[in-house]
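For reference, the structure discussed in these notes is given below.
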Amino acid sequence: MTEKTALTPKTHTAPPAAFSHGVKKGNILQVAGQVGFLPAEEGRPPTLAGPTLREQTLQTLANVEAILKEGGASWDDVMMIRVCLTDVDHFAEMNAIYDAYFEEQALTAPPAARTTVYVGLPAGLLIEIDALAVLG
C-alpha cells in the first residue's frame, strides 16, 4: 500500500489545525484550500497579499502552485480546481484573472473547475482555492 505524505512547502506556515496544506498518496495529490497569504517569514504572522481580489487571487494561485511543486506536480497535472469566493459580485473579475493566469501557463488542457460563494472565510479573505492533481 502506498504511503500518504503531508506536504508543507517552505513558503507556508504550519497549518493552524489538524490538516495538511497538501497530501500525496501514490499518484494523487490533493491541495487543501489555500488563501492569499504572502510567503511565510519567521516570526511574522500570516499576512494577506493585499485587500483586492486580484492580489489575493494571484497569491492564492501561487500558494497552490507551491504545494503542487512540493508534491512533484504542475498545473498540467491538475484535474479539478474549486474556487470559493466571499462575494457573488466577484465572479466576473475572478474569471478574468483566472483566464489570464492560466493562459500564461500554456496548459495542454484546462482543468475542470467549480466556483461557489462561501461566506465563512475569516474577515478580509476574498477567495480560497483547492486543487486535485493526478501525476503521470
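By convention here, the chains of the C-alpha cells are called A, B, ... in the order presented, each chain's residues are numbered starting at 1, and ligands are numbered starting at 1 in the order presented.
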Sorted per-residue table, range 49-72 of chain A near range 19-24 of chain A, closest atoms and distance, 9 Å, only C-alpha atoms, as a Markdown table:
```
| residue | atom | partner | partner_atom | distance |
| --- | --- | --- | --- | --- |
| A:Val64 | CA | A:His21 | CA | 8.9 |
| A:Ile67 | CA | A:Gly22 | CA | 6.3 |
| A:Leu68 | CA | A:Gly22 | CA | 8.1 |
| A:Glu70 | CA | A:Gly22 | CA | 8.8 |
| A:Gly71 | CA | A:Lys24 | CA | 6.7 |
```
Fewer than 3 positions away in the same chain doesn't count, so skip those; otherwise give me all residues within 10 Å of Leu125 in chain A, counting only C-alpha atoms, as a PyMOL selection string. chain A and resi 35-37+48+50-53+56+85-86+119-122+128
Could the residues in this selection be saved with C-alpha atoms as a PDB file, in the first residue's frame?
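The resulting file, selection_14.pdb, is reproduced below:
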```
ATOM      1  CA  VAL A  35      -5.818  31.716   0.558  1.00  0.00           C
ATOM      2  CA  GLY A  36      -3.853  34.822  -0.395  1.00  0.00           C
ATOM      3  CA  PHE A  37      -1.232  34.901   2.356  1.00  0.00           C
ATOM      4  CA  LEU A  48      -2.533  38.959   3.170  1.00  0.00           C
ATOM      5  CA  GLY A  50      -3.441  42.784  -0.296  1.00  0.00           C
ATOM      6  CA  PRO A  51      -7.019  43.828   0.104  1.00  0.00           C
ATOM      7  CA  THR A  52      -8.003  43.407  -3.564  1.00  0.00           C
ATOM      8  CA  LEU A  53      -9.409  40.317  -5.220  1.00  0.00           C
ATOM      9  CA  GLN A  56      -5.386  37.696  -3.251  1.00  0.00           C
ATOM     10  CA  LEU A  85     -15.495  33.478  -3.292  1.00  0.00           C
ATOM     11  CA  THR A  86     -16.946  35.516  -0.434  1.00  0.00           C
ATOM     12  CA  VAL A 119     -19.296  33.441   3.436  1.00  0.00           C
ATOM     13  CA  GLY A 120     -17.413  31.506   6.121  1.00  0.00           C
ATOM     14  CA  LEU A 121     -13.867  32.696   5.384  1.00  0.00           C
ATOM     15  CA  PRO A 122     -12.203  34.892   8.024  1.00  0.00           C
ATOM     16  CA  GLU A 128      -9.947  30.245  -1.379  1.00  0.00           C
TER      17      GLU A 128
END
```
Compare A:Leu29, A:Ala133, A:Leu38, A:Ala17 by their minimum atom-to-atom distance to Thr57 in chain A, counting only C-alpha atoms, and give me the closest one. A:Leu38
Please identify the alpha helix (DSSP H) residues within chain A (assignment by DSSP from backbone atoms) and present them as a PyMOL selection string. chain A and resi 53-70+91-105
